[in-house]
>>> print(open('coords_13.pdb').read())   # PDB, C-alpha atoms, pLDDT in the B column
ATOM      1  CA  MET K   1     -41.869  79.529  13.742  1.00 57.00           C
ATOM      2  CA  LYS K   2     -40.450  76.302  15.195  1.00 55.00           C
ATOM      3  CA  ALA K   3     -41.571  74.385  12.116  1.00 52.00           C
ATOM      4  CA  VAL K   4     -39.886  76.958   9.869  1.00 57.00           C
ATOM      5  CA  ALA K   5     -36.651  76.665  11.863  1.00 58.00           C
ATOM      6  CA  VAL K   6     -36.665  72.878  11.492  1.00 48.00           C
ATOM      7  CA  LEU K   7     -37.325  73.201   7.750  1.00 55.00           C
ATOM      8  CA  LEU K   8     -34.426  75.616   7.330  1.00 55.00           C
ATOM      9  CA  MET K   9     -32.174  73.202   9.218  1.00 54.00           C
ATOM     10  CA  VAL K  10     -33.124  70.426   6.810  1.00 51.00           C
ATOM     11  CA  LEU K  11     -32.533  72.681   3.800  1.00 54.00           C
ATOM     12  CA  SER K  12     -29.095  73.613   5.148  1.00 51.00           C
ATOM     13  CA  PHE K  13     -27.916  70.087   4.362  1.00 48.00           C
ATOM     14  CA  LEU K  14     -30.045  69.294   1.351  1.00 52.00           C
ATOM     15  CA  THR K  15     -28.397  67.876  -1.765  1.00 48.00           C
ATOM     16  CA  VAL K  16     -30.379  67.440  -4.960  1.00 51.00           C
ATOM     17  CA  SER K  17     -29.591  65.436  -8.061  1.00 48.00           C
ATOM     18  CA  HIS K  18     -28.044  66.592 -11.342  1.00 61.00           C
ATOM     19  CA  GLY K  19     -25.087  68.086  -9.486  1.00 79.00           C
ATOM     20  CA  TRP K  20     -26.909  70.863  -7.631  1.00 88.00           C
ATOM     21  CA  THR K  21     -26.290  71.243  -3.890  1.00 91.00           C
ATOM     22  CA  CYS K  22     -28.865  73.452  -2.154  1.00 90.00           C
ATOM     23  CA  THR K  23     -28.841  75.198   1.200  1.00 90.00           C
ATOM     24  CA  ALA K  24     -31.084  77.716   2.910  1.00 90.00           C
ATOM     25  CA  GLY K  25     -30.092  81.212   1.812  1.00 93.00           C
ATOM     26  CA  PRO K  26     -30.254  84.422   3.844  1.00 95.00           C
ATOM     27  CA  GLN K  27     -33.942  84.590   4.735  1.00 94.00           C
ATOM     28  CA  ARG K  28     -36.372  87.425   4.141  1.00 94.00           C
ATOM     29  CA  PHE K  29     -39.667  85.866   5.122  1.00 85.00           C
ATOM     30  CA  HIS K  30     -42.660  86.286   2.818  1.00 91.00           C
ATOM     31  CA  ALA K  31     -40.302  86.695  -0.152  1.00 95.00           C
ATOM     32  CA  GLU K  32     -42.229  86.822  -3.431  1.00 95.00           C
ATOM     33  CA  GLN K  33     -39.667  87.289  -6.176  1.00 96.00           C
ATOM     34  CA  ILE K  34     -35.862  87.235  -6.364  1.00 97.00           C
ATOM     35  CA  ASP K  35     -33.334  88.296  -8.984  1.00 96.00           C
ATOM     36  CA  ALA K  36     -29.543  87.977  -9.174  1.00 96.00           C
ATOM     37  CA  GLY K  37     -27.055  89.621 -11.521  1.00 92.00           C
ATOM     38  CA  GLU K  38     -23.540  91.019 -11.546  1.00 90.00           C
ATOM     39  CA  GLY K  39     -22.955  89.492  -8.097  1.00 93.00           C
ATOM     40  CA  GLN K  40     -25.919  91.339  -6.577  1.00 95.00           C
ATOM     41  CA  VAL K  41     -29.217  89.894  -5.325  1.00 97.00           C
ATOM     42  CA  VAL K  42     -32.515  91.772  -4.916  1.00 97.00           C
ATOM     43  CA  LEU K  43     -36.010  90.682  -3.944  1.00 97.00           C
ATOM     44  CA  THR K  44     -39.543  91.864  -3.291  1.00 97.00           C
ATOM     45  CA  ASP K  45     -41.780  90.608  -0.480  1.00 96.00           C
ATOM     46  CA  ARG K  46     -45.543  90.159  -0.352  1.00 94.00           C
ATOM     47  CA  ASP K  47     -45.921  93.799   0.763  1.00 95.00           C
ATOM     48  CA  SER K  48     -43.995  95.020  -2.340  1.00 96.00           C
ATOM     49  CA  ASN K  49     -40.971  96.118  -0.307  1.00 96.00           C
ATOM     50  CA  VAL K  50     -37.644  95.973  -2.170  1.00 97.00           C
ATOM     51  CA  TYR K  51     -34.530  94.513  -0.542  1.00 97.00           C
ATOM     52  CA  LEU K  52     -30.865  94.324  -1.556  1.00 97.00           C
ATOM     53  CA  MET K  53     -28.615  91.641  -0.068  1.00 97.00           C
ATOM     54  CA  CYS K  54     -25.365  92.865   1.489  1.00 96.00           C
ATOM     55  CA  GLY K  55     -23.291  90.010   2.845  1.00 94.00           C
ATOM     56  CA  LEU K  56     -25.840  87.771   4.555  1.00 93.00           C
ATOM     57  CA  THR K  57     -28.288  90.545   5.416  1.00 96.00           C
ATOM     58  CA  TRP K  58     -31.218  91.997   3.492  1.00 97.00           C
ATOM     59  CA  PHE K  59     -31.491  95.782   3.512  1.00 96.00           C
ATOM     60  CA  ARG K  60     -34.605  97.592   2.378  1.00 95.00           C
ATOM     61  CA  VAL K  61     -33.848 100.068  -0.384  1.00 92.00           C
ATOM     62  CA  ALA K  62     -35.919 103.197  -0.981  1.00 81.00           C
ATOM     63  CA  SER K  63     -39.556 103.597   0.002  1.00 84.00           C
ATOM     64  CA  ILE K  64     -41.286 102.951  -3.332  1.00 91.00           C
ATOM     65  CA  ALA K  65     -43.431  99.812  -3.415  1.00 96.00           C
ATOM     66  CA  LEU K  66     -42.559  97.575  -6.387  1.00 97.00           C
ATOM     67  CA  LYS K  67     -44.124  94.295  -7.432  1.00 96.00           C
ATOM     68  CA  HIS K  68     -41.113  93.176  -9.480  1.00 95.00           C
ATOM     69  CA  VAL K  69     -37.419  94.090  -9.359  1.00 96.00           C
ATOM     70  CA  SER K  70     -34.425  93.037 -11.461  1.00 94.00           C
ATOM     71  CA  VAL K  71     -30.649  93.566 -11.296  1.00 93.00           C
ATOM     72  CA  GLY K  72     -27.994  93.088 -13.960  1.00 88.00           C
ATOM     73  CA  PRO K  73     -25.457  94.853 -16.181  1.00 85.00           C
ATOM     74  CA  ALA K  74     -28.110  97.503 -16.935  1.00 84.00           C
ATOM     75  CA  GLY K  75     -28.482  98.333 -13.214  1.00 88.00           C
ATOM     76  CA  ILE K  76     -31.480  97.806 -10.919  1.00 92.00           C
ATOM     77  CA  TRP K  77     -34.932  98.228 -12.461  1.00 92.00           C
ATOM     78  CA  GLY K  78     -38.457  97.567 -11.222  1.00 94.00           C
ATOM     79  CA  VAL K  79     -42.171  98.042 -11.860  1.00 95.00           C
ATOM     80  CA  ASP K  80     -44.957  99.057  -9.483  1.00 96.00           C
ATOM     81  CA  SER K  81     -48.554  97.863  -9.175  1.00 96.00           C
ATOM     82  CA  SER K  82     -49.580 100.352 -11.889  1.00 96.00           C
ATOM     83  CA  ASP K  83     -46.936  98.925 -14.280  1.00 94.00           C
ATOM     84  CA  LYS K  84     -44.858 102.103 -14.097  1.00 92.00           C
ATOM     85  CA  VAL K  85     -41.135 101.518 -14.645  1.00 91.00           C
ATOM     86  CA  TYR K  86     -38.391 102.661 -12.269  1.00 91.00           C
ATOM     87  CA  LYS K  87     -34.597 102.644 -12.264  1.00 91.00           C
ATOM     88  CA  TYR K  88     -32.417 102.704  -9.134  1.00 92.00           C
ATOM     89  CA  VAL K  89     -30.158 105.753  -9.269  1.00 90.00           C
ATOM     90  CA  ALA K  90     -28.058 107.262  -6.448  1.00 87.00           C
ATOM     91  CA  GLY K  91     -29.854 105.474  -3.635  1.00 88.00           C
ATOM     92  CA  ASP K  92     -33.455 105.755  -4.819  1.00 90.00           C
ATOM     93  CA  PHE K  93     -35.799 104.614  -7.572  1.00 93.00           C
ATOM     94  CA  ILE K  94     -36.682 107.222 -10.167  1.00 91.00           C
ATOM     95  CA  LEU K  95     -39.620 107.006 -12.565  1.00 90.00           C
ATOM     96  CA  VAL K  96     -38.733 106.195 -16.178  1.00 86.00           C
ATOM     97  CA  ASN K  97     -41.137 107.928 -18.542  1.00 81.00           C
ATOM     98  CA  GLY K  98     -42.498 105.933 -21.453  1.00 79.00           C
ATOM     99  CA  GLN K  99     -43.917 102.438 -21.864  1.00 83.00           C
ATOM    100  CA  THR K 100     -45.644 100.763 -18.903  1.00 87.00           C
ATOM    101  CA  LEU K 101     -44.604  97.167 -18.203  1.00 89.00           C
ATOM    102  CA  GLN K 102     -45.824  94.419 -15.915  1.00 91.00           C
ATOM    103  CA  GLN K 103     -42.359  92.869 -15.686  1.00 89.00           C
ATOM    104  CA  VAL K 104     -38.842  94.036 -16.489  1.00 89.00           C
ATOM    105  CA  ASP K 105     -35.457  92.296 -16.689  1.00 88.00           C
ATOM    106  CA  ALA K 106     -32.070  94.023 -16.500  1.00 86.00           C
ATOM    107  CA  GLY K 107     -29.971  90.892 -17.004  1.00 77.00           C
ATOM    108  CA  GLY K 108     -28.894  91.518 -20.594  1.00 69.00           C
ATOM    109  CA  GLN K 109     -25.638  93.151 -21.582  1.00 64.00           C
ATOM    110  CA  ASP K 110     -26.512  96.840 -21.188  1.00 63.00           C
ATOM    111  CA  GLN K 111     -30.094  96.260 -22.289  1.00 72.00           C
ATOM    112  CA  VAL K 112     -33.451  95.983 -20.564  1.00 82.00           C
ATOM    113  CA  VAL K 113     -36.328  93.759 -21.698  1.00 83.00           C
ATOM    114  CA  GLY K 114     -39.904  93.994 -20.473  1.00 85.00           C
ATOM    115  CA  VAL K 115     -43.398  92.686 -21.190  1.00 85.00           C
ATOM    116  CA  THR K 116     -46.721  94.532 -21.068  1.00 86.00           C
ATOM    117  CA  ASN K 117     -50.008  93.227 -19.672  1.00 86.00           C
ATOM    118  CA  ALA K 118     -50.980  92.569 -23.302  1.00 84.00           C
ATOM    119  CA  SER K 119     -47.979  90.186 -23.614  1.00 78.00           C
ATOM    120  CA  ILE K 120     -46.113  92.542 -25.968  1.00 81.00           C
ATOM    121  CA  ILE K 121     -42.331  92.454 -25.474  1.00 78.00           C
ATOM    122  CA  TYR K 122     -40.237  95.617 -25.454  1.00 81.00           C
ATOM    123  CA  CYS K 123     -36.505  96.146 -25.324  1.00 79.00           C
ATOM    124  CA  LEU K 124     -33.994  98.962 -25.175  1.00 72.00           C
ATOM    125  CA  LYS K 125     -30.238  99.235 -25.425  1.00 67.00           C
ATOM    126  CA  SER K 126     -28.191 101.616 -23.324  1.00 56.00           C
ATOM    127  CA  THR K 127     -27.858 103.933 -26.336  1.00 58.00           C
ATOM    128  CA  ILE K 128     -31.642 104.529 -26.334  1.00 56.00           C
ATOM    129  CA  ALA K 129     -32.373 104.113 -22.619  1.00 52.00           C
ATOM    130  CA  SER K 130     -33.721 107.640 -22.280  1.00 46.00           C
ATOM    131  CA  ASN K 131     -36.472 106.846 -24.806  1.00 51.00           C
ATOM    132  CA  TYR K 132     -37.858 103.481 -23.573  1.00 69.00           C
ATOM    133  CA  ARG K 133     -40.581 103.161 -26.158  1.00 52.00           C
ATOM    134  CA  ASP K 134     -39.127 100.586 -28.544  1.00 54.00           C
ATOM    135  CA  ARG K 135     -40.466  97.109 -29.215  1.00 57.00           C
ATOM    136  CA  VAL K 136     -38.092  94.193 -29.637  1.00 53.00           C
ATOM    137  CA  THR K 137     -36.539  94.344 -33.112  1.00 55.00           C
ATOM    138  CA  PRO K 138     -32.969  93.810 -34.311  1.00 50.00           C
ATOM    139  CA  THR K 139     -32.529  97.599 -34.219  1.00 54.00           C
ATOM    140  CA  THR K 140     -33.601  98.055 -30.595  1.00 62.00           C
ATOM    141  CA  CYS K 141     -32.085  94.915 -29.080  1.00 67.00           C
ATOM    142  CA  ASP K 142     -29.125  92.735 -29.989  1.00 62.00           C
ATOM    143  CA  ILE K 143     -31.163  89.788 -31.307  1.00 62.00           C
ATOM    144  CA  SER K 144     -32.046  88.470 -34.731  1.00 63.00           C
ATOM    145  CA  GLY K 145     -35.369  86.822 -33.901  1.00 70.00           C
ATOM    146  CA  TRP K 146     -37.278  84.367 -31.715  1.00 73.00           C
ATOM    147  CA  ILE K 147     -37.251  80.550 -31.740  1.00 77.00           C
ATOM    148  CA  HIS K 148     -40.122  78.687 -30.075  1.00 78.00           C
ATOM    149  CA  ILE K 149     -38.892  76.110 -27.538  1.00 80.00           C
ATOM    150  CA  PRO K 150     -41.556  73.583 -26.429  1.00 77.00           C
ATOM    151  CA  ARG K 151     -42.206  73.577 -22.665  1.00 74.00           C
ATOM    152  CA  ALA K 152     -45.059  75.102 -20.677  1.00 78.00           C
ATOM    153  CA  ALA K 153     -43.574  77.524 -18.150  1.00 86.00           C
ATOM    154  CA  VAL K 154     -44.750  80.387 -15.978  1.00 87.00           C
ATOM    155  CA  MET K 155     -41.315  82.019 -15.816  1.00 89.00           C
ATOM    156  CA  ALA K 156     -37.908  81.721 -17.450  1.00 88.00           C
ATOM    157  CA  VAL K 157     -34.466  83.076 -16.594  1.00 89.00           C
ATOM    158  CA  VAL K 158     -31.288  83.277 -18.658  1.00 85.00           C
ATOM    159  CA  GLY K 159     -27.855  83.750 -17.089  1.00 85.00           C
ATOM    160  CA  THR K 160     -25.146  85.888 -18.656  1.00 80.00           C
ATOM    161  CA  ASP K 161     -23.281  82.627 -19.348  1.00 84.00           C
ATOM    162  CA  GLY K 162     -26.206  81.321 -21.431  1.00 84.00           C
ATOM    163  CA  ASN K 163     -27.726  78.879 -18.917  1.00 89.00           C
ATOM    164  CA  VAL K 164     -31.547  78.743 -19.053  1.00 91.00           C
ATOM    165  CA  PHE K 165     -33.959  77.711 -16.281  1.00 92.00           C
ATOM    166  CA  VAL K 166     -37.761  77.661 -16.113  1.00 92.00           C
ATOM    167  CA  VAL K 167     -40.482  77.031 -13.531  1.00 94.00           C
ATOM    168  CA  ASN K 168     -43.688  75.362 -14.728  1.00 93.00           C
ATOM    169  CA  ARG K 169     -47.264  75.554 -13.457  1.00 91.00           C
ATOM    170  CA  GLU K 170     -46.614  72.598 -11.148  1.00 94.00           C
ATOM    171  CA  ASN K 171     -43.846  74.605  -9.417  1.00 95.00           C
ATOM    172  CA  GLN K 172     -41.151  72.334 -10.830  1.00 95.00           C
ATOM    173  CA  LEU K 173     -37.700  73.538 -11.894  1.00 95.00           C
ATOM    174  CA  TYR K 174     -36.122  72.663 -15.267  1.00 94.00           C
ATOM    175  CA  GLN K 175     -32.789  73.469 -16.924  1.00 94.00           C
ATOM    176  CA  ARG K 176     -32.219  73.713 -20.676  1.00 92.00           C
ATOM    177  CA  THR K 177     -29.424  71.434 -21.918  1.00 93.00           C
ATOM    178  CA  GLY K 178     -27.476  71.129 -25.151  1.00 93.00           C
ATOM    179  CA  ILE K 179     -26.921  74.884 -25.540  1.00 90.00           C
ATOM    180  CA  SER K 180     -24.021  75.621 -27.892  1.00 89.00           C
ATOM    181  CA  THR K 181     -22.870  78.072 -30.528  1.00 85.00           C
ATOM    182  CA  SER K 182     -24.440  75.942 -33.247  1.00 88.00           C
ATOM    183  CA  ALA K 183     -27.624  75.329 -31.209  1.00 87.00           C
ATOM    184  CA  PRO K 184     -28.125  78.396 -28.970  1.00 83.00           C
ATOM    185  CA  GLN K 185     -31.717  77.313 -28.314  1.00 85.00           C
ATOM    186  CA  GLY K 186     -30.497  74.044 -26.726  1.00 91.00           C
ATOM    187  CA  THR K 187     -31.788  70.527 -27.331  1.00 92.00           C
ATOM    188  CA  ASP K 188     -33.660  69.266 -24.253  1.00 92.00           C
ATOM    189  CA  TRP K 189     -35.002  69.970 -20.757  1.00 93.00           C
ATOM    190  CA  VAL K 190     -33.868  68.250 -17.558  1.00 93.00           C
ATOM    191  CA  ASN K 191     -35.815  68.392 -14.307  1.00 93.00           C
ATOM    192  CA  ILE K 192     -33.967  69.524 -11.184  1.00 93.00           C
ATOM    193  CA  PRO K 193     -35.847  67.799  -8.350  1.00 91.00           C
ATOM    194  CA  MET K 194     -36.610  69.933  -5.301  1.00 91.00           C
ATOM    195  CA  CYS K 195     -38.111  68.903  -1.968  1.00 87.00           C
ATOM    196  CA  LEU K 196     -40.340  72.002  -1.987  1.00 90.00           C
ATOM    197  CA  PRO K 197     -42.473  73.603  -4.740  1.00 94.00           C
ATOM    198  CA  ILE K 198     -40.632  76.490  -6.437  1.00 95.00           C
ATOM    199  CA  LYS K 199     -42.366  79.710  -7.502  1.00 95.00           C
ATOM    200  CA  HIS K 200     -39.394  81.849  -8.585  1.00 95.00           C
ATOM    201  CA  VAL K 201     -35.853  81.277  -9.865  1.00 96.00           C
ATOM    202  CA  SER K 202     -32.854  83.428 -10.732  1.00 96.00           C
ATOM    203  CA  TYR K 203     -29.307  82.513 -11.772  1.00 95.00           C
ATOM    204  CA  ASP K 204     -25.973  84.327 -11.535  1.00 94.00           C
ATOM    205  CA  LEU K 205     -22.303  83.357 -11.190  1.00 92.00           C
ATOM    206  CA  ASP K 206     -22.974  79.589 -11.259  1.00 93.00           C
ATOM    207  CA  LYS K 207     -25.531  79.879  -8.454  1.00 95.00           C
ATOM    208  CA  LEU K 208     -29.297  79.379  -8.441  1.00 96.00           C
ATOM    209  CA  TRP K 209     -31.473  81.567  -6.223  1.00 97.00           C
ATOM    210  CA  LEU K 210     -34.902  80.112  -5.513  1.00 97.00           C
ATOM    211  CA  VAL K 211     -38.056  81.226  -3.711  1.00 96.00           C
ATOM    212  CA  THR K 212     -40.320  78.399  -2.654  1.00 94.00           C
ATOM    213  CA  LYS K 213     -44.087  78.572  -2.775  1.00 93.00           C
ATOM    214  CA  GLY K 214     -43.986  79.167   0.983  1.00 91.00           C
ATOM    215  CA  GLY K 215     -41.598  82.144   0.655  1.00 93.00           C
ATOM    216  CA  ILE K 216     -38.373  80.425   1.763  1.00 92.00           C
ATOM    217  CA  ILE K 217     -35.145  81.431  -0.010  1.00 95.00           C
ATOM    218  CA  MET K 218     -32.763  78.730  -1.233  1.00 94.00           C
ATOM    219  CA  GLN K 219     -29.384  78.947  -2.969  1.00 94.00           C
ATOM    220  CA  CYS K 220     -27.916  76.120  -5.033  1.00 94.00           C
ATOM    221  CA  SER K 221     -24.430  75.570  -6.421  1.00 92.00           C
ATOM    222  CA  ASN K 222     -23.428  73.217  -9.194  1.00 85.00           C
TER     223      ASN K 222
END
>>> encode(input="coords_13.pdb", output="structure tokens")
Amino acid sequence: MKAVAVLLMVLSFLTVSHGWTCTAGPQRFHAEQIDAGEGQVVLTDRDSNVYLMCGLTWFRVASIALKHVSVGPAGIWGVDSSDKVYKYVAGDFILVNGQTLQQVDAGGQDQVVGVTNASIIYCLKSTIASNYRDRVTPTTCDISGWIHIPRAAVMAVVGTDGNVFVVNRENQLYQRTGISTSAPQGTDWVNIPMCLPIKHVSYDLDKLWLVTKGGIIMQCSN
């Protein structure tokens, strides 16, 4: 515990290149996955407990064990170890009937995107949220198609302002640059050096939320 305290002290004054200043965030030890959206931050720990950050404190929400949780304009959504999908409603998670997913993201504008264990992507808009059986097509999600962007990554996150970040297999963090109206896919990747290996990233309101490989939470501002 002493070593962890010293590490957090170091992180509290850590500045990284490319304009990002990082500090230790409110800690929930053994954090596995974190997600930020609409000014809210949620996470899961290694025991599949779900927490919501209020101020500088993490509060456990509901009693359902979830392996992945996401928050955004579409609300708070999550999936359990059996890939069943849940939505947070009136203080508890309720089961959403339909397609099973291994991961879900609620960060889109009133739409939810998820991926199955067969790597098939699904999406729904708020107008068809009660169905939840539609694959990604221009009629079920506000997109026109996919563009392949070279870069090996184990996870990617897109902010509501269009910023894109990925974590690769070496636990390194990258940001997509050159994103514009004429080139929404961007033009290049830039590495954001970190003193610790990163396993999960989220982005909201100009702030990065990171979980290190050792389960420490960091927040970075640009």
>>> residues_around(input="coords_13.pdb", residues="Ala156 in chain K", least_positions_apart="6", cutoff="8 Å", atoms="all atoms listed in the file", output="list in words")
Val164, Phe165, Val166, Val167 and Val201 of chain K
>>> atom_distance(input="coords_13.pdb", atom1="CA of Ser70 in chain K", atom2="CA of Ile34 in chain K")
7.9 Å
>>> resolve_selection(input="coords_13.pdb", expression="the PyMOL selection byres ((chain K and resi 53-60) around 12)", output="count of residues only")
33
>>> resolve_selection(input="coords_13.pdb", expression="the PyMOL selection byres ((chain K and resi 191) around 8)", output="VMD selection string")
chain K and resid 172 to 175 189 to 190 192 to 193
>>> atom_distance(input="coords_13.pdb", atom1="CA of Val154 in chain K", atom2="CA of Ser82 in chain K")
20.9 Å
>>> atom_distance(input="coords_13.pdb", atom1="CA of Ala106 in chain K", atom2="CA of Trp77 in chain K")
6.5 Å
>>> axis_aligned_box(input="coords_13.pdb", around="range 165-175 of chain K", padding_each_side="8 Å", output="lines of an AutoDock Vina configuration file")
center_x = -40.0
center_y = 75.0
center_z = -13.2
size_x = 30.5
size_y = 21.4
size_z = 23.5
>>> closest_residue(input="coords_13.pdb", among="K:Ser182, K:Asn171, K:Gly215, K:Cys123", to="Ile198 in chain K", atoms="all atoms listed in the file")
K:Asn171
